[in-house]
Every structure is written in C-alpha cells, then in structure tokens.
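The structure under discussion appears below in the form of structure tokens.
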Amino acid sequence: MEKIIDRIKGPEDIKKLNFDELNLLAAEIREFMLDILSKVGGHVAPNLGSVELTLALHYVFDSPQDKLIWDVGHQAYPHKIITGRKDNFHTIRQYGGISGFLRREESPHDIFGAGHASTSLSAALGIAVARDLKGENFKVVAIIGDGALTGGMAFEALNNIGAQKRDLIVVLNDNEMSIAENIGALSNYLVKLKTSRIYNRMKEDVWELLGKLPSSTLSYRTRDLIKRVKAALENLAVPTLMFEELGYRYVGPIHGHNIKQLINTFERVKRLKGPVLVHVLTKKGKGYKPAEERLELFHGLGPFHRITGEPIKKPGPTKWSKIYGKTIVELAEKDEKIVAITAAMTLGTGLDLMRERFPERHFDVGIAEQHAVTFAGGLAVEGYKPFATIYSTFLQRAYDQIIHDIALQKLPVRFAIDRAGLVGEDGPTHHGAFDISYLRIIPNMVVMAPKDENEFRDMIYTASIYDEGPIAFRYPRDRVYGLELKNTFDAIPIGSWEILKDGKDIAILAVGTMVYPSLEAAKELEEELGASVKVVNARFVKPMDTAVLFDIVDSGVKKIVTVEENALIGGFGDAVIEFLTEIKRHIDVLRLGLPDQFIEHGARKILLQKVGLDKNGIKERIKNFLLGYTGVNEWHSAKSVK
C-alpha cells in the first residue's frame with residue numbers, strides 16, 4: 001500500500017492533503033526519520049518535535065517564494081524531507097551526502113544557512129528590509145526555538161524587529177528545551193505565557209458576553225472600563241507581556257502538534273501586517289518514548305537501537321571529552337576554587353560529571369558564549385579558577401570578550417576548547433578549524449594542545465595552577481589512544497616542547513592530534529628514503545619553545561615541516577616562519593594543515609585522509625618535499641624562508 005510520504009516530492013504536494021492525511025503524513029515522517037537516524041545518527045529529538053509545525057508552515061506559505069528561515073537547522077529534517085531531499089535523506093551527515101543543517105547550496109528552500117543558534121531573526125529582518133526596498137511582496141517567517149532564544153543575538157534582533165515595524169512573522173517553537181533543559185529567566189517567562197491560556201479563556205468569555213449586548217448599550221465609559229479590565233487581566237495572567245511591549249502582536253500559545261489549529265492560525269497571521277510572534281508549544285522527542293524520556297541524549301547522537309533507543313556503542317577507548325570531565329572533577333575534589341562553565345553543552349563536553357558531583361560549581365549559561373566568557377572573567381577577578389568549556393566553533397562567537405574582557409586584563413580564565421580540528425559529520429559550521437589562528441595573535445594568551453590523554457590531563461592540571469593570564473588547551477572530537485592513565489599530575493613548563501625522536505636531516509614539528517601520525521610517517525620515511533627525521537611534540541603553540549627552534553636550526557637540519565589540524569593561514573606553521581624570519585635564519589619550511597576552504601561533512605577519518613593529515617598523507621607530502629618538490633596543490637602549500 002502506497003504511503004502518503006511517497007507522494008510528497010515538494011511543498012506543493014502538501015497543499016493537496018486534507019487534515020486527516022496531514023496527520024497520517026506526520027506519523028509517517030516520524031517513522032521515516034527514526035528508521036534512518038537509528039542507522040546513521042543525527043539530531044533526533046528536536047526534529048521529532050517539529051513535524052506538524054513544518055507541515056503547517058509549508059501548507060500555508062509558498063516556499064521558496066515566501067521565505068522560511070530556520071534557526072540552528074537541527075529542527076529542519078522534516079523541512080528537508082518535504083522539499084525534495086527525501087530520497088537522499090539516508091545520506092544525511094555522511095561524506096558526499098546531504099548536510100545535517102541548512103545549506104543554501106543544497107536547496108532553494110534553504111533560504112539562510114544555519115549551524116549556530118540565534119541567527120534566524122537577524123537574517124529574517126535583513127530579508128524583510130530588502131524586500132521592502134525592492135518593492136516586492138512575499139512573507140518572511142523566522143522559526144526559532146530549541147533554546148536559540150537564550151542567545152544574546154536573538155534579543156538584539158527581537159528589539160530591532162520591533163523598532164523597524166516590518167511585516168515579519170516570528171514562530172517561537174517552544175519545547176522547553178535547548179540541548180538540555182532551558183536555562184535562565186526567559187524560560188520562566190515562557191512558562192508564564194503558557195499559563196496565559198487562563199487569560200485567553202477569560203478574554204474569550206468576556207467578549208462572548210459583550211457580543212450578546214447591543215452596541216447601542218455600550219457607552220464610551222463602558223468601553224473604557226472594558227479596556228481597563230482587559231489590561232488588568234493581562235497583567236494578572238501574563239506579567240509584563242514582553243513581546244507586546246517590544247512591538248509584536250503576540251499570538252498563542254498554540255498547540256504545536258495540532259495541524260488544524262496550526263494551519264488556521266498561520267492563515268490568519270498571514271493576513272496581518274507588522275511584526276507578529278506566534279508562540280507554538282511542541283514536545284521534543286514527540287512520538288518516540290526513548291527520546292521523550294532522554295531528551296539530552298537524543299538531542300544528537302550516533303546510531304541507536306530502533307526499538308529500545310539504546311545507543312550502539314562502538315568498541316574502543318573513551319572520548320577526549322570524557323577524560324576532560326573526569327579530570328576536572330578529580331581536580332575540583334582537591335581545589336574548591338575550580339568552577340566549570342558551559343554554553344548549553346554540559347553533556348557534550350563531559351561536564352555532566354561535574355554537574356552531578358559539584359552542582360553548585362557547574363554553570364550552564366545557555367546558548368550565550370559571549371556571556372560565558374565574561375562571566376568567567378568575573379569569577380577570575382574574585383579568585384576562582386573558571387574553566388570556560390566551549391566548542392572551538394562556538395568560541396569564535398565570543399572573540400571580542402576573549403580579547404577585551406579577558407586577555408587585556410590578564411585574567412586567568414582557563415579555556416577548554418572541545419571539538420578542535422575536524423569534527424566529522426556536523427561539517428563546516430562545526431569544524432574547529434581556526435582556534436590556533438585566532439588565539440595565538442592575542443597578547444597574554446597561552447595556547448596548548450596535547451598529544452595524548454596523559455598529556456591532556458597534565459595540561460588541565462597545568463591550567464588549574466597557572467594564574468598569570470588566560471590559558472587555553474584544544475582537543476578533538478574523537479576517542480583517545482587507550483593509554484593507561486597516570487594516577488598523578490605533572491605540571492608542564494609553559495612554552496616547553498618535547499623531542500620524541502632525534503634526527504639530523506629534517507625536523508617535523510607536530511601539534512596535538514598530529515603528533516602520532518607524524519611519528520608513524522617519520523619511521524616509514526626513514527625506511528623508504530633513509531632520511532634521518534627529528535619529531536618534536538610542539539605542545540605549546542604560544543609561547544613557542546624558541547630554545548628548541550634555535551637548536552634545530554643550529555644543528556644543521558636542512559628542512560622543517562609543521563603539522564597542525566588547523567587552518568594553514570595564521571596557524572602554527574606561520575608562527576614558525578615568522579620566528580625564523582625575525583632571526584634571519586634561512587631554511588625551507590613545509591606547512592601541513594587545513595586548506596583555505598571550508599571542509600565538508602563526513603566521518604573524521606575520511607576527512608583527515610582527504611586533506612592529507614593522516615599518516616599516509618603526511619608521509620607523501622614530506623617525501624615530495626625531501627625530493628625537492630615545492631609546488632602547490634589544492635590542499636597544501638610549501639613555503640621557503642629566504
């Protein structure tokens with residue numbers, strides 16, 4: 001028997017369905033997503049909660065003529081399915097497949113790319129202003145939710161939209177959650193709005209009673225009294241009415257899984273002018289009990305058992321984030337000044353262990369990286385040891401705060417930079433490709449990268465006792481090497497490198513995740529070419545170990561190779577070249593790193609191979625370098641200092 005979902009080739013097919021068929025389609029979309037996501041992983045719970053909302057929006061509005069702008073993108077899988085990508089949905093987040101987020105290159109229905117949160121309102125206002133300047137006529141709808149309204153950028157846009165008075169619809173997809181439980185006063189305010197059903201019912205009853213009275217009986221004084229009663233009811237049931245005060249016409253709350261009510265509401269709202277906010281109540285993980293019961297886990301995860309919902313665990317050692325979580329708790333047991341801060345990423349960063357052991361010293365500030373960094377600065381002023389634990393890609397959002405609020409004042413904030421380098425399936429919006437480049441240029445900043453889990457633990461300890469200014473350590477989204485963990489901690493001298501293998505012909509200076517692949521490449525190069533290769537664990541990007549660099553140059557080494565899982569431009573390799581230029585030492589340098597382009601999504605192992613940062617890629621590029629080839633290919637460039 002043909003399913004309704006099989007007839008959906010584009011949004012126009014949605015409009016041909018009746019309400020019963022739309023409800024059946026919603027159930028089929030959920031089953032379709034679960035069947036595929038249980039095999040390949042992805043953002044499960046937020047997309048299960050947005051199905052009816054998506055169908056109603058595409059039923060009422062005419063995408064892509066009308067502009068539907070989704071925030072974050074991890075609530076937009078149903079949108080992808082009904083906009084022509086159903087047949088490719090099984091490739092989602094895989095190398096060569098469709099993205100897990102919104103991509104303009106992927107579909108004309110993806111109006112604005114989204115991987116980070118809180119961007120939809122600003123983009124929607126820009127599109128609405130451009131529409132008005134061009135004298136065009138289409139609707140602009142921004143769908144924000146899953147915690148994105150906790151971000152400061154969203155508040156800036158809310159304020160400006162209210163002031164601009166443009167024709168724009170904001171749909172607040174309120175599921176009471178971001179990745180974990182929503183944080184902050186705004187979530188409490190939204191709870192008050194939900195209780196406004198009492199007010200809405202009272203208002204309807206009052207107007208129903210008044211409607212039965214002949215208009216001639218309503219004097220001016222009576223009408224004025226009615227307005228006052230209405231205002232009093234509003235203030236009683238919905239204190240402060242923030243959205244209306246900002247200039248929006250507030251509609252809601254609306255049942256987010258009642259397709260008929262959603263469609264009727266959007267049909268009415270579509271005719272309104274000016275800013276309108278439609279408050280939609282949805283249930284994250286809707287229709288799948290394991291997701292409804294374990295929302296934080298099912299926000300985003302790998303493959304899982306379809307029936308039980310249990311994650312399918314791959315054999316192998318633990319993850320870097322778990323090592324971090326265990327270590328920070330271990331140190332916090334002995335040092336009551338240690339506190340941990342995260343921006344809505346408690347589980348992802350391993351800080352769930354800190355939350356359980358020291359809830360009073362664990363702070364989840366919501367999707368608010370800028371606030372997180374300056375908040376950490378305030379804690380540091382008062383003698384605490386804050387560990388600002390933020391993904392590399394999200395730390396970019398707080399760059400001014402790192403410079404102005406932390407580094408300028410030499411505040412000892414510890415930056416635990418998770419997901420540094422290529423993160424895999426989440427793709428270009430989430431790769432941590434730039435943190436070495438954007439941190440090393442900041443005065444007073446120390447930047448470290450561990451070669452393995454034991455050095456990682458020592459770096460966390462070193463950061464905990466360093467009090468001369470900000471210090472950062474970067475680590476990947478991956479599994480550790482499976483080494484036996486030491487029971488003790490050793491402080492690492494700031495700015496010190498480690499010579500792992502001696503050699504006299506060429507020196508490889510490797511950073512973090514690139515150390516062991518470089519060691520393996522060095523051994524094979526010696527076997528194949530007979531070259532003598534020195535390998536250095538350049539664990540400090542800043543300050544660099546200039547004493548070791550001087551020794552390398554003075555030892556007669558003819559060539560230097562730098563290897564980093566970071567953008568080549570402005571990265572560690574450039575730092576080495578800058579130093580050699582300053583001391584006027586002439587030596588050929590080959591930089592290996594990430595190319596000047598955004599890297600696609602796919603398994604981390606595949607991506608490292610594609611950019612030539614696995615053992616074989618490193619070996620082949622160095623072999624060419626040793627044999628005299630200094631050309632440029634699409635991934636890497638060789639550079640000489642002369």
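Quick note on naming: the chains in the structure tokens go A, B, ... in the order shown, residues restart at 1 in each chain, and ligands are numbered from 1 in order of appearance.
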Give me the residues within 9 Å of Ile263 of chain A as JSON, numbers by chain, counting only C-alpha atoms and dropping any in the same chain fewer than 4 places off.
{"A": [53, 55, 56, 57, 59, 60, 258, 259, 267, 268]}
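Non-sequential neighbours of segment 349-358 of chain A (distance at most 6 Å, separation of 3 or more positions within a chain, only C-alpha atoms) are Ser321, Lys322, Gly325, Val329, Met345, Thr346, Arg361 and His362 of chain A.
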Which parts of segment 80-193 of chain A does DSSP call strand (DSSP E) when run on the backbone here, written out as a PyMOL selection string?
chain A and resi 140-145+168-174
Excluding segment 136-147 of chain A and residues on its chain fewer than 6 positions from it, collect all residues at most 7 Å away from it, counting only C-alpha atoms, and give them as a ChimeraX atom specification.
/A:65-71,120-121,124,128,168-175,177-178,182,367
Save out the residues we just selected, N, CA and C atoms, as a compact mmCIF listing (two decimals), in the first residue's frame.
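Below is the file that was written, result-v5.txt:
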```
# COMPACT_ATOMS: atom_id res chain seq x y z
N GLN A 65 9.13 31.09 -2.54
CA GLN A 65 8.74 32.49 -2.76
C GLN A 65 8.59 33.19 -1.41
N ASP A 66 7.81 32.59 -0.51
CA ASP A 66 7.82 33.04 0.88
C ASP A 66 9.06 32.44 1.53
N LYS A 67 9.67 33.21 2.39
CA LYS A 67 10.97 32.81 2.94
C LYS A 67 10.81 32.22 4.34
N LEU A 68 11.04 30.92 4.45
CA LEU A 68 11.05 30.24 5.74
C LEU A 68 12.50 30.12 6.21
N ILE A 69 12.81 30.75 7.33
CA ILE A 69 14.19 30.83 7.81
C ILE A 69 14.28 30.09 9.14
N TRP A 70 14.96 28.96 9.11
CA TRP A 70 15.04 28.09 10.28
C TRP A 70 16.27 28.42 11.11
N ASP A 71 16.09 28.48 12.41
CA ASP A 71 17.23 28.71 13.29
C ASP A 71 17.94 27.39 13.59
N SER A 120 18.48 33.38 13.08
CA SER A 120 17.34 33.47 12.14
C SER A 120 16.67 34.83 12.16
N LEU A 121 16.53 35.44 13.33
CA LEU A 121 15.78 36.69 13.42
C LEU A 121 16.51 37.82 12.70
N ALA A 124 16.24 37.19 8.99
CA ALA A 124 14.88 37.43 8.53
C ALA A 124 14.60 38.93 8.39
N ALA A 128 13.55 40.91 5.04
CA ALA A 128 12.33 41.71 5.00
C ALA A 128 12.60 43.15 4.58
N LEU A 168 6.76 40.86 9.30
CA LEU A 168 7.64 39.72 9.57
C LEU A 168 6.98 38.85 10.63
N ILE A 169 7.03 37.55 10.43
CA ILE A 169 6.43 36.60 11.37
C ILE A 169 7.54 35.83 12.08
N VAL A 170 7.51 35.85 13.39
CA VAL A 170 8.43 35.05 14.21
C VAL A 170 7.65 33.90 14.81
N VAL A 171 8.09 32.67 14.53
CA VAL A 171 7.47 31.49 15.13
C VAL A 171 8.41 30.98 16.22
N LEU A 172 7.95 31.05 17.46
CA LEU A 172 8.73 30.55 18.58
C LEU A 172 8.34 29.09 18.83
N ASN A 173 9.22 28.19 18.42
CA ASN A 173 9.00 26.75 18.63
C ASN A 173 9.46 26.41 20.04
N ASP A 174 8.56 26.45 20.96
CA ASP A 174 8.89 26.35 22.38
C ASP A 174 8.67 24.92 22.86
N ASN A 175 9.81 24.20 23.02
CA ASN A 175 9.72 22.84 23.55
C ASN A 175 10.32 22.72 24.94
N MET A 177 13.13 23.23 25.91
CA MET A 177 14.47 22.66 25.94
C MET A 177 15.36 23.40 24.95
N SER A 178 16.67 23.36 25.20
CA SER A 178 17.63 23.60 24.13
C SER A 178 18.25 22.23 23.89
N ASN A 182 16.22 24.11 29.30
CA ASN A 182 16.45 25.53 29.07
C ASN A 182 16.89 26.23 30.34
N ILE A 367 22.70 29.16 25.50
CA ILE A 367 23.44 29.41 24.25
C ILE A 367 23.90 30.87 24.25
```
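Near Glu293 of chain A, within 12 Å and counting only C-alpha atoms, sit Ala45, Lys283, Lys284, Gly285, Lys286, Gly287, His299, Thr308, Gly309 and Glu310 of chain A, not including residues fewer than 6 positions from it in the same chain.
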How many Å lie between atom CA of Val51 of chain A and atom CA of Pro428 of chain A, rounded to one decimal?
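These two atoms are separated by 25.7 Å.
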If we count only C-alpha atoms, what is near Glu21 of chain A at a cut-off of 12 Å, once residues fewer than 3 positions away on the same chain are taken out, given as a list in words?
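Returned residues: Lys3, Ile4, Ile5, Arg7, Ile8, Asp13, Ile14, Lys15, Lys16, Leu17, Asn18, Leu24, Leu25, Ala26, Ala27, Glu28, Glu52, Leu55, Ile259 and Lys260 of chain A.
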Using only C-alpha atoms, which protein or nucleic acid residues come within 12 Å of Thr562 of chain A? Drop anything in the same chain fewer than 3 positions from it, and give the result as a PyMOL selection string.
chain A and resi 506-512+514-515+518+534-538+541+549+559+565-566+568+571-577+588-594+613+618+621-622+636-639
With 8 Å as the cut-off and only C-alpha atoms counted, what is the closest atom pair between each nearby residue of segment 321-393 of chain A and segment 403-413 of chain A? Distances in Å to one decimal, ordered by chain and number, as a Markdown table.
```
| residue | atom | partner | partner_atom | distance |
| --- | --- | --- | --- | --- |
| A:Val373 | CA | A:Ile406 | CA | 7.9 |
| A:Thr374 | CA | A:Asp405 | CA | 6.1 |
| A:Ala376 | CA | A:Val413 | CA | 6.4 |
| A:Gly377 | CA | A:Ile406 | CA | 6.0 |
| A:Ala380 | CA | A:Pro412 | CA | 6.1 |
| A:Val381 | CA | A:Leu411 | CA | 7.0 |
| A:Lys385 | CA | A:Val413 | CA | 6.8 |
| A:Pro386 | CA | A:Val413 | CA | 5.6 |
| A:Phe387 | CA | A:Val413 | CA | 6.4 |
| A:Ala388 | CA | A:Val413 | CA | 7.1 |
```
Identify all residues of segment 260-408 of chain A in helix (DSSP H, G or I) (DSSP on the backbone) and supply them as an MDAnalysis selection string.
chainID A and resid 260:270 289:293 295:298 320:334 352:357 359:361 369:381 392:407
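If only C-alpha atoms are the atoms counted, then among A:Leu301, A:Ala117, A:Met445, A:Met1 the closest residue to Thr393 of chain A is A:Ala117.
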I'd like the interatomic distance between atom CA of Leu626 of chain A and atom CA of Ile587 of chain A, to a tenth of an Å.
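Answer for the atom CA of Leu626 of chain A to atom CA of Ile587 of chain A separation: 12.9 Å.
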Please, what distance in Å, to one decimal, runs between atom CA of Phe89 of chain A and atom CA of Val40 of chain A?
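Interatomic distance, atom CA of Phe89 of chain A to atom CA of Val40 of chain A: 10.3 Å.
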Counting only C-alpha atoms, what is within 6 Å of Gly424 of chain A, bar same-chain residues fewer than 6 positions away, as a VMD selection string?
chain A and resid 601 to 604
Nearest to Lys605 of chain A: which of A:Leu48, A:Val423, A:Leu295, A:Ile465 is it, counting only C-alpha atoms?
A:Val423
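Distance check against Leu607 of chain A using only C-alpha atoms: of A:Gly96, A:Asn88, A:Ser107, A:Leu525, the minimum falls on A:Gly96.
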